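Peer 1: I am attaching a structure below and will ask some questions about it afterwards.
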Amino acid sequence: MKINKMLFVSKFEELRLDALQSLMGLRKAGLSHVVFLYVISRDKVAMRRGIGYLKQEERKLREIADIRFIDWAETLFEEGMEVGAHIAIGNIVPKILSVTEIERVDLIVTARRKRAKLEELYA
Amino acid sequence: MAKKVLNVEDDADTRTFVTTVLEENGYIPIMAIDGEEGMEKVKKERPDLIILDILMPRESGIKMYHELKMDPSLKGIPVVILSAISKRTFLRSQVALTEFGDETVPEPQAYLEKPVEPEDLAELLKKILD
């Protein structure tokens with residue numbers, strides 16, 4: 001199967017540039033386009049009593065994600081890869097599905113929901 | 001007659017900023033949110049200038065720029081890159097894309113790194129279009 005386009009879902013703590021670079025071997029299988037996705041959990045910006053919607057927090061999280069994606073994209077662009085990025089707010093699974101549909105990716109790379117006991121212990 | 005400027009940008013805030021600068025300076029703004037839509041609008045609207053972002057969903061500005069410059073009927077349209085991606089990366093990526101036999105693509109008319117001041121953008125547009 002030819003893998004042309006990959007969706008790389010990062011939470012930054014788990015899947016980072018080193019993980020992404022370890023996947024570059026997939027270029028032999030035809031990988032030429034990487035799409036980044038960062039989903040801001042709704043809980044982080046949701047309405048709070050007396051404060052309202054945390055617009056400033058949303059802006060801050062978007063900017064942090066943007067800076068990281070630009071950094072990663074520069075590395076890949078220089079290697080001749082095509083790169084795209086999405087930053088969304090909401091629940092991660094529906095967002096992955098909607099971006100998958102928009103981008104028509106061949107492969108989705110995402111972190112696990114929870115760490116194993118030993119990983120938690122040694123983290 | 002007012003000149004048409006196509007802005008290809010996925011960020012809504014930047015689109016609003018560029019639209020305002022264009023309207024205030026007497027240009028007709030046309031918007032596209034990624035490279036794919038950008039190419040459709042270029043073919044349909046034939047803008048006098050393109051302001052192009054790089055990192056976007058679906059199709060990046062790097063690929064769109066390459067497509068534009070490889071198309072004999074579109075390569076004459078001036079392009080201003082407006083992006084947070086560095087110029088060095090942009091130029092290297094174009095070299096990487098031409099390694100497979102395509103002819104070398106020319107540099108863009110101007111390269112602006114975000115954030116840009118409205119006066120600087122307006123002045124640059126005036127210099128290129130007037």
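Letters for chains follow the order of the structure tokens (A, B, ...), residue numbers begin at 1 for each chain, and ligand numbers begin at 1 in the order shown.
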Just the helix (DSSP H, G or I) stuff from chain B, please, per backbone DSSP, written as a VMD selection string.

Peer 2: chain B and resid 12 to 24 35 to 45 61 to 70 87 to 98 118 to 129

Peer 1: For chain A versus chain B, which residues have an atom no more than 9 Å away, and what is each residue's nearest atom pair and distance in Å rounded to one decimal, using only C-alpha atoms, chain-then-number order, as JSON lines?

Peer 2:
{"residue": "A:Val35", "atom": "CA", "partner": "B:Pro57", "partner_atom": "CA", "distance": 7.4}
{"residue": "A:Phe36", "atom": "CA", "partner": "B:Pro57", "partner_atom": "CA", "distance": 8.9}
{"residue": "A:Ile67", "atom": "CA", "partner": "B:Ala84", "partner_atom": "CA", "distance": 8.7}
{"residue": "A:Phe69", "atom": "CA", "partner": "B:Leu55", "partner_atom": "CA", "distance": 8.8}
{"residue": "A:Ile70", "atom": "CA", "partner": "B:Ile85", "partner_atom": "CA", "distance": 6.3}
{"residue": "A:Asp71", "atom": "CA", "partner": "B:Ile85", "partner_atom": "CA", "distance": 8.1}
{"residue": "A:Ala73", "atom": "CA", "partner": "B:Leu55", "partner_atom": "CA", "distance": 7.7}
{"residue": "A:Glu74", "atom": "CA", "partner": "B:Thr89", "partner_atom": "CA", "distance": 6.0}
{"residue": "A:Thr75", "atom": "CA", "partner": "B:Thr89", "partner_atom": "CA", "distance": 8.1}
{"residue": "A:Leu76", "atom": "CA", "partner": "B:Ser93", "partner_atom": "CA", "distance": 8.7}
{"residue": "A:Phe77", "atom": "CA", "partner": "B:Ser93", "partner_atom": "CA", "distance": 5.3}
{"residue": "A:Glu78", "atom": "CA", "partner": "B:Ser93", "partner_atom": "CA", "distance": 4.6}
{"residue": "A:Glu79", "atom": "CA", "partner": "B:Ala96", "partner_atom": "CA", "distance": 6.4}
{"residue": "A:Gly80", "atom": "CA", "partner": "B:Ala96", "partner_atom": "CA", "distance": 4.7}
{"residue": "A:Met81", "atom": "CA", "partner": "B:Ser93", "partner_atom": "CA", "distance": 7.9}
{"residue": "A:Glu82", "atom": "CA", "partner": "B:Ser60", "partner_atom": "CA", "distance": 6.9}
{"residue": "A:Val83", "atom": "CA", "partner": "B:Ser60", "partner_atom": "CA", "distance": 6.5}
{"residue": "A:Gly84", "atom": "CA", "partner": "B:Pro57", "partner_atom": "CA", "distance": 4.6}
{"residue": "A:Ala85", "atom": "CA", "partner": "B:Pro57", "partner_atom": "CA", "distance": 5.4}
{"residue": "A:His86", "atom": "CA", "partner": "B:Pro57", "partner_atom": "CA", "distance": 6.4}
{"residue": "A:Ile102", "atom": "CA", "partner": "B:Arg58", "partner_atom": "CA", "distance": 7.5}
{"residue": "A:Glu103", "atom": "CA", "partner": "B:Arg58", "partner_atom": "CA", "distance": 5.7}
{"residue": "A:Arg104", "atom": "CA", "partner": "B:Arg58", "partner_atom": "CA", "distance": 8.9}

Peer 1: Could you check how far CA of Val99 in chain A sits from CA of Lys43 in chain B, in Å to one decimal?

Peer 2: 26.4 Å

Peer 1: Which value, in Å to one decimal, gives the distance between CA of Ile33 in chain B and CA of Val8 in chain B?

Peer 2: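 Result for CA of Ile33 in chain B versus CA of Val8 in chain B: 5.6 Å, one decimal.
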
Peer 1: Excluding Met1 in chain B and its own-chain neighbours fewer than 2 positions away, which residues fall within 12 Å of it when counting only C-alpha atoms? Please give them as a count of residues only.

Peer 2: 7

Peer 1: Quick one, how far is CA of Thr19 in chain B from CA of Pro118 in chain B?

Peer 2: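 Computing the Euclidean distance for CA of Thr19 in chain B and CA of Pro118 in chain B yields 10.7 Å.
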
Peer 1: Fewer than 6 positions away in the same chain doesn't count, so skip those; otherwise give me all residues within 10 Å of Gly90 in chain A, counting only C-alpha atoms, as a ChimeraX atom specification.

Peer 2: /A:39-46

Peer 1: Find, counting only C-alpha atoms, the residue in B:Leu112, B:Ala2, B:Leu121, B:Leu129 that gets nearest to Ile77 in chain B.

Peer 2: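 Closest residue, counting only C-alpha atoms: B:Leu129.
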
Peer 1: Just want the 12 Å neighbourhood of Lys55 in chain A, counted on only C-alpha atoms, with same-chain residues fewer than 3 positions away dropped. Output as a ChimeraX atom specification.

Peer 2: /A:42,44-48,51-52,58-62,89

Peer 1: Store the residues picked out above in a file with N, CA and C atoms, as a compact mmCIF listing (two decimals), in the first residue's frame.

Peer 2:
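File written: part.txt
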# COMPACT_ATOMS: atom_id res chain seq x y z
N ARG A 42 -11.33 20.99 25.19
CA ARG A 42 -12.36 21.99 25.50
C ARG A 42 -12.29 22.43 26.97
N LYS A 44 -9.79 23.06 28.75
CA LYS A 44 -8.76 24.07 29.00
C LYS A 44 -9.24 25.49 28.73
N VAL A 45 -10.27 25.62 27.90
CA VAL A 45 -10.70 26.97 27.52
C VAL A 45 -12.19 27.21 27.80
N ALA A 46 -12.83 26.20 28.38
CA ALA A 46 -14.29 26.28 28.56
C ALA A 46 -14.71 27.44 29.47
N MET A 47 -15.99 27.78 29.40
CA MET A 47 -16.55 28.87 30.20
C MET A 47 -16.34 28.63 31.69
N ARG A 48 -15.95 29.67 32.39
CA ARG A 48 -15.82 29.59 33.85
C ARG A 48 -16.74 30.64 34.45
N ILE A 51 -15.80 34.44 34.72
CA ILE A 51 -14.70 34.77 33.80
C ILE A 51 -15.15 34.66 32.35
N GLY A 52 -16.03 33.70 32.10
CA GLY A 52 -16.47 33.48 30.72
C GLY A 52 -15.54 32.56 29.96
N GLU A 58 -6.96 30.35 25.03
CA GLU A 58 -7.04 29.72 23.70
C GLU A 58 -5.96 30.32 22.78
N ARG A 59 -5.87 31.64 22.80
CA ARG A 59 -4.89 32.31 21.95
C ARG A 59 -3.47 31.86 22.31
N LYS A 60 -3.21 31.75 23.61
CA LYS A 60 -1.88 31.34 24.06
C LYS A 60 -1.56 29.91 23.59
N LEU A 61 -2.52 29.01 23.76
CA LEU A 61 -2.30 27.61 23.36
C LEU A 61 -2.13 27.48 21.84
N ARG A 62 -2.90 28.27 21.10
CA ARG A 62 -2.77 28.26 19.65
C ARG A 62 -1.38 28.75 19.22
N ILE A 89 -10.14 23.05 18.49
CA ILE A 89 -10.61 22.95 19.87
C ILE A 89 -11.74 21.95 19.91

Peer 1: Near Leu52 in chain B, within 9 Å and counting only C-alpha atoms, which residues show up once chain neighbours fewer than 3 positions away are dropped, as a count of residues only?

Peer 2: 14

Peer 1: Which of these residues is nearest to Lys11 in chain A, using only C-alpha atoms: A:Glu63, A:Tyr38, A:Val105, A:Val93?

Peer 2: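 Smallest distance to Lys11 in chain A is found for A:Tyr38.
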
Peer 1: Within 9 Å of range 19-30 of chain A, counting only C-alpha atoms, which residues show up once you throw out same-chain ones fewer than 2 positions away? Write them as a list of chain:residue names, please.

Peer 2: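 Close residues of range 19-30 of chain A: A:Met1, A:Lys2, A:Ile3, A:Asn4, A:Lys5, A:Phe8, A:Glu14, A:Leu15, A:Arg16, A:Leu17, A:Ser32, A:Trp72.
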
Peer 1: How would the residues just chosen look if you wrote them out with N, CA and C atoms as a compact mmCIF listing (two decimals), in the first residue's frame?

Peer 2:
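Writing done, so here's selection_6.txt:
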# COMPACT_ATOMS: atom_id res chain seq x y z
N MET A 1 0.84 -1.20 0.00
CA MET A 1 0.00 0.00 0.00
C MET A 1 0.88 1.26 0.00
N LYS A 2 0.51 2.20 -0.80
CA LYS A 2 1.28 3.44 -0.88
C LYS A 2 0.81 4.40 0.21
N ILE A 3 1.76 4.91 0.98
CA ILE A 3 1.40 5.90 2.01
C ILE A 3 1.92 7.25 1.56
N ASN A 4 1.04 8.05 1.05
CA ASN A 4 1.44 9.35 0.51
C ASN A 4 1.31 10.45 1.56
N LYS A 5 0.21 10.39 2.32
CA LYS A 5 -0.09 11.48 3.25
C LYS A 5 -0.34 10.94 4.66
N PHE A 8 -0.29 13.48 11.63
CA PHE A 8 0.51 13.32 12.84
C PHE A 8 -0.14 14.13 13.96
N GLU A 14 3.90 13.83 24.22
CA GLU A 14 4.11 12.44 23.82
C GLU A 14 4.74 12.30 22.44
N LEU A 15 4.10 12.86 21.43
CA LEU A 15 4.65 12.71 20.08
C LEU A 15 5.32 14.00 19.67
N ARG A 16 6.64 13.91 19.51
CA ARG A 16 7.40 15.12 19.21
C ARG A 16 8.19 14.94 17.93
N LEU A 17 9.08 15.89 17.68
CA LEU A 17 9.84 15.87 16.43
C LEU A 17 10.67 14.60 16.26
N SER A 32 5.02 11.73 1.27
CA SER A 32 5.51 13.02 0.77
C SER A 32 4.80 14.20 1.42
N TRP A 72 8.77 22.48 13.25
CA TRP A 72 8.79 21.13 12.65
C TRP A 72 8.65 21.23 11.13
